[in-house]
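> There's a structure below that I have some questions on.
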Amino acid sequence: VGYYLSRIDAHRHLNAFVEVYAEEARARALEVDARLREGTAGKLAGLVVGLKDVLCHAGHGVQAGSHMLDNYRSPFTATAVQRILDEDAIVIGRQNCDEFAMGSSNESSYFGPVRNAADSTRVPGGSSGGSAAAVQANLCHAALGSDTGGSVRQPAAFCGTVGLKPSYGRVSRWGLIAYASSFDCIGPITRSVEDAALLLEIMAGPDEHDSTVSTREVPAYSRELHWEQPARVGYLREAVESEAVEPAIRERTLAVLNQLREQGHTVEPIEMPLLRYFLPTYYILTTAEASSNLSRFDGVRYGYRSPEASNLEGLYKKSRTEGFGDEVRRRILLGTFVLSANYYDAYYTKAQRVRNLVRKESEGLFDHHDFLISPVTPTTAFRLGEKMDDPLQMYLADIFTVQANVVGAPAISIPNGTDEAGLPIGVQVMARPFAEQDLLAFSNYLT
Ligand code: GLN
């Protein structure tokens, strides 16, 4: 704990943490140490963890990177967080993120942008940018983030760490501040596949507080990380040929595929005719869900209340206008629009149908392949400010990550070298829903 606290201090310029629990973490380290001596310590004894600022932790502030939740303290602890605490993990602080987890660069945070530790003029990715930069700069062993459309995997790729998005319903969402409830997943950001597997096996499993969580048995993921049989791997031809993907990323992805071929695995190009619908489907459905989820922030029940208002209607309007930043307001407006009476069928209903088609197409792919491999992102970490004026450009960068969320499949980002400038590159492996055991074993084999 002392080691990480001093590193956090020396890396303040990264802006990775919103709050650091120095005294509390020190005290807890002593308790855990005593349990270690007694032989009663849990499986994560000594693991120093950071929490993305969307995870509730009793008695601690949590505000989703937003002015809207100023001074809000959670009265309860998220199930996933409770489970790692029960195994003696030590929480060292809460980490900066895009406001309400909406973004790909960590520039929409009320607390200001996070910087990439490989090049501080560049973004760490988002929305779990603080968590990824903290693991990258070795400010904690591991972090818990959330992934609705790539927010664990994309910053992991930009920062050269491992980022795992589990299957939808593998880990309870109770205590995760909601963005889009039918997409949201809590996932670990770590330095190794093994750590991700260990954290997943501890966080996963049924929870009476979340009716969408699966009751399927949770395998001991971390104990079975060996992959020995030949794998059937599919890859998207566009992803390794398209000019829209940076050459270094194409080359590194091809290198992985070629290596697998040489090792005797089956590697085949696949067609995804629905690819061009992934992003519209994702952005229609998530903004719709967000507009509904964020209606609870009304200036009355939580956090920020505008001091200006003179009547109730005005209180709602002013609190929401002043409390939310531009990107969150944009998405609430988009979501409200697609759910409005005149457009509901044209956008929302249609997007739900397309989501089903994408699910079917993906199931079909997994009938013939164990894994789909792709880049995580079309580019390496971009410069701060570069995409801020062009939200559409920012959204387009999510092309490879959103499929897993649309279909509820598990996907992982693992480090895959760097470009000439030394910027990290990630490769994504996706598997069929609830095939985490295979996904983790195969990813471990790849690293
Ligand atoms: N970048 C995506 C978005 O802006 C993903 C966000 C997320 O996964 N929370 O919606």
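To be explicit about the labels: the chains of the structure tokens are called A, B, and onward in the order shown, and within each one the residues are counted from 1, while ligands get numbers from 1 in the order they are shown.
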Taking the DSSP assignment computed from this structure's backbone, write out as a ChimeraX atom specification all residues of segment 215-343 of chain A that belong to helix (DSSP H, G or I).

/A:221-223,237-241,247-262,275-296,312-323,326-338

> Go ahead and write the selection's residues with C-alpha atoms as a compact mmCIF listing (two decimals), in the first residue's frame.


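Final file, selection04.txt:
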# COMPACT_ATOMS: atom_id res chain seq x y z
CA TYR A 221 -11.33 -19.73 -14.03
CA SER A 222 -7.89 -19.02 -12.63
CA ARG A 223 -7.08 -22.66 -12.05
CA ARG A 237 -11.34 -9.54 -43.23
CA GLU A 238 -12.20 -5.82 -43.16
CA ALA A 239 -10.48 -5.45 -39.82
CA VAL A 240 -7.10 -6.51 -41.19
CA GLU A 241 -7.49 -4.96 -44.63
CA PRO A 247 -1.31 -0.01 -40.46
CA ALA A 248 0.55 -0.92 -37.25
CA ILE A 249 -2.66 -2.32 -35.76
CA ARG A 250 -3.43 -4.31 -38.91
CA GLU A 251 0.10 -5.73 -38.93
CA ARG A 252 0.03 -6.69 -35.27
CA THR A 253 -3.38 -8.34 -35.65
CA LEU A 254 -2.18 -10.27 -38.71
CA ALA A 255 0.90 -11.34 -36.78
CA VAL A 256 -1.31 -12.94 -34.13
CA LEU A 257 -3.40 -14.70 -36.78
CA ASN A 258 -0.32 -15.96 -38.63
CA GLN A 259 1.25 -17.23 -35.47
CA LEU A 260 -1.91 -19.15 -34.62
CA ARG A 261 -1.94 -20.65 -38.11
CA GLU A 262 1.65 -21.76 -37.74
CA LEU A 275 -21.30 -4.98 -39.22
CA ARG A 276 -22.43 -1.56 -40.40
CA TYR A 277 -25.48 -1.75 -38.12
CA PHE A 278 -23.55 -2.45 -34.93
CA LEU A 279 -22.87 1.17 -34.02
CA PRO A 280 -26.33 2.58 -34.86
CA THR A 281 -27.95 -0.26 -32.90
CA TYR A 282 -25.68 0.34 -29.95
CA TYR A 283 -26.09 4.12 -29.87
CA ILE A 284 -29.88 4.02 -30.33
CA LEU A 285 -30.48 1.46 -27.62
CA THR A 286 -27.95 2.74 -25.09
CA THR A 287 -29.07 6.36 -25.36
CA ALA A 288 -32.69 5.21 -24.95
CA GLU A 289 -31.80 3.27 -21.82
CA ALA A 290 -29.62 6.10 -20.54
CA SER A 291 -32.37 8.69 -20.92
CA SER A 292 -34.57 6.52 -18.74
CA ASN A 293 -31.88 5.56 -16.20
CA LEU A 294 -30.69 9.13 -15.75
CA SER A 295 -34.17 10.50 -15.12
CA ARG A 296 -33.64 9.74 -11.43
CA LEU A 312 -40.32 22.55 -8.93
CA GLU A 313 -40.23 22.44 -12.73
CA GLY A 314 -37.40 24.95 -12.68
CA LEU A 315 -35.56 22.93 -10.06
CA TYR A 316 -35.55 19.86 -12.32
CA LYS A 317 -34.51 21.82 -15.37
CA LYS A 318 -31.82 23.92 -13.77
CA SER A 319 -30.34 21.08 -11.73
CA ARG A 320 -30.15 18.80 -14.76
CA THR A 321 -28.83 21.50 -17.08
CA GLU A 322 -26.15 22.59 -14.64
CA GLY A 323 -25.41 19.14 -13.23
CA ASP A 326 -22.46 18.19 -22.74
CA GLU A 327 -22.03 14.53 -23.68
CA VAL A 328 -24.52 13.30 -21.09
CA ARG A 329 -27.06 15.91 -22.15
CA ARG A 330 -26.55 14.99 -25.80
CA ARG A 331 -27.27 11.33 -25.03
CA ILE A 332 -30.32 12.09 -22.89
CA LEU A 333 -31.70 14.15 -25.78
CA LEU A 334 -30.93 11.43 -28.35
CA GLY A 335 -32.47 8.77 -26.13
CA THR A 336 -35.56 10.82 -25.42
CA PHE A 337 -35.96 11.42 -29.13
CA VAL A 338 -35.75 7.75 -30.13

> Using only C-alpha atoms and all ligand atoms, which protein or nucleic acid residues are at most 6 Å from ligand 1, as a PyMOL selection string?

chain A and resi 101-104+127+147-151+398

> Could you produce a table of the residues of segment 110-189 of chain A lying within 10 Å of segment 429-437 of chain A, with the nearest pair of atoms per residue and their separation in Å rounded to one decimal, using only C-alpha atoms, ordered by chain and increasing residue number, as a tab-separated table?


residue	atom	partner	partner_atom	distance
A:Leu164	CA	A:Glu436	CA	9.6
A:Lys165	CA	A:Met430	CA	9.5
A:Pro166	CA	A:Glu436	CA	7.1
A:Ser167	CA	A:Pro433	CA	5.5
A:Tyr168	CA	A:Pro433	CA	7.8
A:Gly169	CA	A:Phe434	CA	9.1
A:Arg170	CA	A:Phe434	CA	7.4

> I want to know what sits within 7 Å of segment 70-82 of chain A, based on only C-alpha atoms, with residues of the same chain fewer than 5 positions away left out; could you give that as a ChimeraX atom specification?

/A:55-63,171-172,174-176,203,302-304

> Give the strand (DSSP E) residues of segment 248-431 of chain A, as DSSP finds them on the backbone, and put them as a list in words.

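After running DSSP on the backbone, segment 248-431 of chain A has strand (DSSP E) at Thr266, Val267, Glu268, Pro269, Ile270, Phe371, Leu372, Ile373, Ser374, Pro375, Ala411, Ile412, Ser413, Ile414, Pro415, Asn416, Gly417, Thr418, Pro424, Ile425, Gly426, Val427, Gln428, Val429 and Met430 of chain A.
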